[in-house]
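See below for the structure under consideration.
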Amino acid sequence: MLSVALSTLRTRWATFAGSFVALSLGVALLTVTGLALASSLDAPERAPERFAAAPVVVQGQDTLRVPTPVGDRTAKLAHPRPVPAETVAALGKLGPVTEDRSFPVTAARGPGDLLGHPWSTARFAPYDLTSGRAPRAADEVVVSGTWAAPGDRVPTGHGTVRVVGTVTDRGFENAVFFTDTRAAELSPSSTRLVVEADARAVRKAVSGRPGVDVLTGADRRYADPDPDRDTEALTAMNALFGTAGGVTAFVSVFVVASTFAFAVAQRRREFGLLRTAGATPGQLRRLVVTEALLVGVLASATGCVLGAYGAPWLAEWTVDGGLAPAWFTIGDHDWPYHLAFWTGLTVALCGATAASWRAGRTGPTQALREASVDTRAMTRGRWLCGMGLLLTAGVTLAVALLTEPGELLHRKTYVSRPMLLITGVVLLAPLLVRPLTRLLAWLPAQLPGAGGMLVRENAATGVRRTAAIAAPVLVTVALAGSLLGATATLNEAKATEVRDRTAADFVVTPAGGTSFDAATLHRLRQVPDAEVSASSSSAVYVLEEGVALVRSDARAAEPGPLAATARLPLVAGRTTDLDDDSIIVNEEWERHTVGQRVDVWLGDGTRRSLRIAAVMPTGTGDNGVYVTPANAPGARVDRVDVRAAGADHAAVAAGLRQAAGPGARVLTRDQWVRAARPDTDRTTRLGFLLVLGIALLYTGVSVANTMVMATSDRIRDLAVLRLAGATHAQVLRLVGAEALTVVAVGGVLGALVAVLNLTGMWTALGLLSAHPTPDLPWPALGATVGACAVLAVVSSVTSTALALRTNAMT
């Protein structure tokens with residue numbers, strides 16, 4: 001059996017080339033993914049940055065801890081509490097105490113993420129002066145890096161400042177140091193301080209004083225901005241590679257199964273001859289499985305080698321692209337190679353299993369009686385699996401819509417759910433391609449000449465060949481439409497919610513993500529004919545089902561101005577019923593009946609019992625809660641909605657610009673809706689591009705391999721055309737037109753699958769009271785189909801041109 005399999009591989013190497021390349025690429029990507037995951041598990045602990053030279057850091061409470069029957073539940077507070085004044089006084093008796101303040105700074109030039117600090121904290125990083133001197137006046141600053149030099153005057157959101165010195169660039173932030181007095185004016189609240197005293201004495205001094213944490217040693221990193229960013233980046237990177245690995249496994253199984261199925265169909269005469277010579281069905285099945293085993297071993301070994309060389313390059317790419325921390329490198333691990341190798345081998349055997357059973361059913365004289373026309377492309381197993389997958393997709397979708405429609409809006413759901421429908425349609429493709437081919441080729445077949453008719457009949461009668469070529473195109477187009485269409489639809493739904501909720505004529509935002517001070521708010525409220533609603537971002541935490549601590553984004557605003565400048569999509573209650581003892585929630589909350597009371601924790605961790613004043617629909621999940629400013633301690637006003645009471649909107653806009661000061665933006669309603677339109681985050685976008693790139697690569701491999709196999713099987717047909725008088729160019733045009741027709745069939749089926757997938761999301765959004773305009777990514781679908789068409793035409797014409805080099809009579 002082994003000798004026959006080796007002989008088959010030598011003589012029919014073109015038949016197995018596609019499976020070999022597909023498996024090699026798949027194993028290589030699985031190797032890279034495994035190495036990246038293994039390396040991220042050994043991630044070093046981040047060292048302190050802002051306070052690397054500080055002996056002891058004391059910071060206010062920044063974590064909410066809620067006891068439950070299954071243990072404490074924790075969440076980061078939206079507004080960390082400042083260190084209490086009495087605690088600061090007690091610590092001052094132990095040694096010098098330096099208060100730290102951090103606040104965003106916007107500048108007319110320089111980096112876009114400038115962060116302000118008091119000069120007295122520079123020595124704790126430590127920052128060393130490289131030029132100039134320390135700041136002494138309110139308009140003097142020291143900057144890190146080389147984007148400004150001593151003597152430069154830089155307009156900022158806090159007024160024009162003069163650079164008097166520069167410090168070393170520590171790499172973790174772009175710092176701007178003000179005098180301590182000016183920093184206290186710009187950021188009155190201090191959530192952390194440095195105590196130059198013995199750590200044991202500091203802990204003793206704060207014992208019994210709740211709401212503060214003492215950080216020493218490596219724990220000082222928790223006082224850095226975003227101390228968990230390495231973990232979050234690695235999690236996002238692993239999710240990206242995990243998705244890519246899953247799609248790789250899915251598509252590679254499909255390519256291998258499709259290739260072996262087409263190869264078995266091509267070799268039915270060969271199998272019939274073996275059966276006539278005495279081979280049993282079991283021997284034929286073992287022959288096909290042995291061929292798959294040999295291909296799997298060679299391809300998996302090759303993929304492991306490719307993965308070993310590609311992993312360091314990919315790690316460098318993720319670091320340069322900001323997807324991984326700067327320290328991330330590929331370590332020395334063995335288990336990813338074992339996992340990838342055996343997975344590749346399993347994929348090869350699974351892909352060949354169905355084909356081996358089909359080969360075993362070949363009768364001794366069956367193949368010798370068959371014509372070249374495919375009379376039975378659909379087997380009983382294919383029928384059952386295809387219909388079963390379609391039924392499963394339909395039932396699970398219906399259950400989700402009836403129970404948890406919001407689940408369909410999660411990325412893990414709309415990435416994985418299309419696989420069921422795609423696989424089901426692919427299995428039923430031989431049933432669909434013949435009528436669709438005749439429909440698409442009907443008009444060309446009516447044109448003068450026999451070319452259109454030949455294209456239609458060749459594609460329609462060679463069902464197995466047409467289905468084998470159209471299927472990978474179907475998969476790629478369906479994935480592109482489903483994934484990109486899902487994100488576009490969600491973004492459109494969120495933009496629609498913003499547009500429907502905004503009743504203000506103008507929206508004023510502060511410079512560079514800062515906040516408005518009391519003086520600016522007073523000036524805005526004094527603008528003639530302007531009805532002002534100042535609001536701030538906050539959060540509210542609630543314990544669902546007694547065990548899950550859930551955070552909800554909150555907006556804090558006065559109810560009267562809020563009702564005048566916003567149209568909240570309420571299903572019960574009224575906006576004006578909101579007061580300091582109540583809250584507006586959405587239907588996603590466990591309790592969402594008007595009049596009920598809910599126990600919540602505010603953004604600073606304060607526990608309150610609030611009455612539900614109104615209820616909003618769930619929507620896309622961006623319908624947060626609304627509270628009054630009294631229930632958002634620590635939140636600062638970061639948005640002002642304005643309704644023009646008079647007819648002269650231009651005068652109101654001019655007054656708002658003058659009152660808001662330099663750097664602030666005064667946007668009309670339409671400008672605000674455009675500015676607030678959500679966009680797919682960079683990690684998700686790169687992940688989808690990686691997935692679609694993998695799918696397109698596999699499509700190219702599958703199409704090219706199938707075209708080569710099909711051409712070798714059609715040499716007699718091509719010779720008959722030549723003998724009937726067709727020229728070399730006419731045969732090439734005919735083959736190219738057939739390839740375009742088959743790609744069109746796959747493209748139409750893929751677009752149909754994408755529409756069916758997105759229909760579930762549109763229905764879920766409708767049930768959640770969000771009504772977006774259906775948004776199919778037509779440019780991406782067109783580019784995908786175009787790329788598949790180029791691959792199909794080039795591979796078909798090239799293989800046909802090589803085949804035509806043989807004399808037609810021969």
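To be explicit about the labels: the chains of the structure tokens are called A, B, and onward in the order shown, and within each one the residues are counted from 1, while ligands get numbers from 1 in the order they are shown.
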
Exercise. Segment 531-634 of chain A: which residues are alpha helix (DSSP H) by DSSP, as a list of chain:residue names?
Worked result: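 DSSP-assigned alpha helix (DSSP H) residues in segment 531-634 of chain A: A:Pro559, A:Gly560, A:Pro561, A:Leu562, A:Ala563, A:Ala564, A:Thr565.
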
Problem set entry | Contact residues around segment 43-59 of chain A with only C-alpha atoms at 6 Å, ignoring same-chain residues under 3 positions, as a list in words |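 Using only C-alpha atoms, the neighbours found are Ser40, Phe124, Ala125, Thr191, Arg192, Leu193, Val194, Val195, Glu196, Val212, Asp213, Val214, Leu215, Thr216, Arg220, Arg221 and Asp224 of chain A.
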
For this session: Find the residues around segment 555-558 of chain A up to 6 Å (only C-alpha atoms counted), leave out those fewer than 6 positions away in its own chain, and share them as a list in words.
Result: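 Here the answer would be Ser535, Ser536, Ser537, Ser538, Tyr626, Val627, Thr628 and Pro629 of chain A.
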
Exercise. Ala75 of chain A: which residues within 7 Å, counting only C-alpha atoms, same-chain residues fewer than 2 positions away excluded, as a list in words?
Worked result: Thr63, Leu64, Arg65 and Leu77 of chain A

Exercise. Which neighbours of Ser102 of chain A fall inside 9 Å, counting only C-alpha atoms, when residues of the same chain fewer than 6 positions from it are skipped, and could you give them as an MDAnalysis selection string?
Worked result: chainID A and resid 115:118 183 187 190

Exercise. Closest to Leu752 of chain A among A:Val477, A:Asp580, A:Gly605, A:Leu740, using only C-alpha atoms?
Worked result: A:Val477

For this session: Could you tell me which of A:Ala398, A:Ala651, A:Ala236, A:Arg382 comes closest to Val527 of chain A if we count only C-alpha atoms?
Result: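 The closest residue to Val527 of chain A is A:Ala651.
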
For this session: Could you check how far atom CA of Trp317 of chain A sits from atom CA of Ala340 of chain A, in Å to one decimal?
Result: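 Between atom CA of Trp317 of chain A and atom CA of Ala340 of chain A the gap works out to 21.5 Å.
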
Exercise. Segment 654-666 of chain A: which residues within 8 Å, counting only C-alpha atoms, same-chain residues fewer than 4 positions away excluded, as a VMD selection string?
Worked result: chain A and resid 106 156 to 157 159 506 to 512 520 to 521 523 to 524 527 to 528 650

Against segment 245-253 of chain A, which residues of segment 637-749 of chain A fall within 8 Å? For each one I want the closest pair of atoms and the distance in Å (one decimal), counting only C-alpha atoms, rows by chain and increasing residue number, as JSON lines.
{"residue": "A:Val691", "atom": "CA", "partner": "A:Val247", "partner_atom": "CA", "distance": 6.7}
{"residue": "A:Ile694", "atom": "CA", "partner": "A:Thr248", "partner_atom": "CA", "distance": 6.9}
{"residue": "A:Ala695", "atom": "CA", "partner": "A:Val251", "partner_atom": "CA", "distance": 6.9}
{"residue": "A:Tyr698", "atom": "CA", "partner": "A:Val251", "partner_atom": "CA", "distance": 7.1}

Mind dumping the selected residues with all heavy atoms as a PDB file, in the first residue's frame?
ATOM      1  N   VAL A 691      -7.055  37.888   8.762  1.00  0.00           N
ATOM      2  CA  VAL A 691      -7.941  36.764   8.467  1.00  0.00           C
ATOM      3  C   VAL A 691      -8.285  36.713   6.986  1.00  0.00           C
ATOM      4  O   VAL A 691      -8.216  35.658   6.336  1.00  0.00           O
ATOM      5  CB  VAL A 691      -9.214  36.851   9.318  1.00  0.00           C
ATOM      6  CG1 VAL A 691     -10.277  35.887   8.809  1.00  0.00           C
ATOM      7  CG2 VAL A 691      -8.899  36.557  10.781  1.00  0.00           C
ATOM      8  N   ILE A 694      -5.331  35.668   4.883  1.00  0.00           N
ATOM      9  CA  ILE A 694      -5.140  34.214   4.929  1.00  0.00           C
ATOM     10  C   ILE A 694      -6.146  33.514   4.021  1.00  0.00           C
ATOM     11  O   ILE A 694      -5.795  32.611   3.240  1.00  0.00           O
ATOM     12  CB  ILE A 694      -5.278  33.717   6.374  1.00  0.00           C
ATOM     13  CG1 ILE A 694      -4.116  34.227   7.222  1.00  0.00           C
ATOM     14  CG2 ILE A 694      -5.326  32.192   6.418  1.00  0.00           C
ATOM     15  CD1 ILE A 694      -4.290  33.979   8.707  1.00  0.00           C
ATOM     16  N   ALA A 695      -7.411  33.943   4.115  1.00  0.00           N
ATOM     17  CA  ALA A 695      -8.446  33.320   3.283  1.00  0.00           C
ATOM     18  C   ALA A 695      -8.151  33.520   1.802  1.00  0.00           C
ATOM     19  O   ALA A 695      -8.319  32.595   0.992  1.00  0.00           O
ATOM     20  CB  ALA A 695      -9.816  33.898   3.637  1.00  0.00           C
ATOM     21  N   TYR A 698      -5.280  31.240   0.725  1.00  0.00           N
ATOM     22  CA  TYR A 698      -5.748  29.868   0.545  1.00  0.00           C
ATOM     23  C   TYR A 698      -6.618  29.738  -0.697  1.00  0.00           C
ATOM     24  O   TYR A 698      -6.590  28.705  -1.380  1.00  0.00           O
ATOM     25  CB  TYR A 698      -6.527  29.413   1.780  1.00  0.00           C
ATOM     26  CG  TYR A 698      -5.645  28.853   2.863  1.00  0.00           C
ATOM     27  CD1 TYR A 698      -5.417  29.547   4.037  1.00  0.00           C
ATOM     28  CD2 TYR A 698      -5.028  27.626   2.699  1.00  0.00           C
ATOM     29  CE1 TYR A 698      -4.600  29.039   5.032  1.00  0.00           C
ATOM     30  CE2 TYR A 698      -4.205  27.097   3.692  1.00  0.00           C
ATOM     31  CZ  TYR A 698      -4.003  27.814   4.856  1.00  0.00           C
ATOM     32  OH  TYR A 698      -3.187  27.299   5.822  1.00  0.00           O
TER      33      TYR A 698
END

Exercise. Quick one, how far is atom CA of Gly386 of chain A from atom CA of Thr423 of chain A?
Worked result: 7.3 Å

For this session: Please indicate the distance in Å from atom CA of Pro150 of chain A to atom CA of Ser131 of chain A, rounded to one decimal place.
Result: 7.4 Å
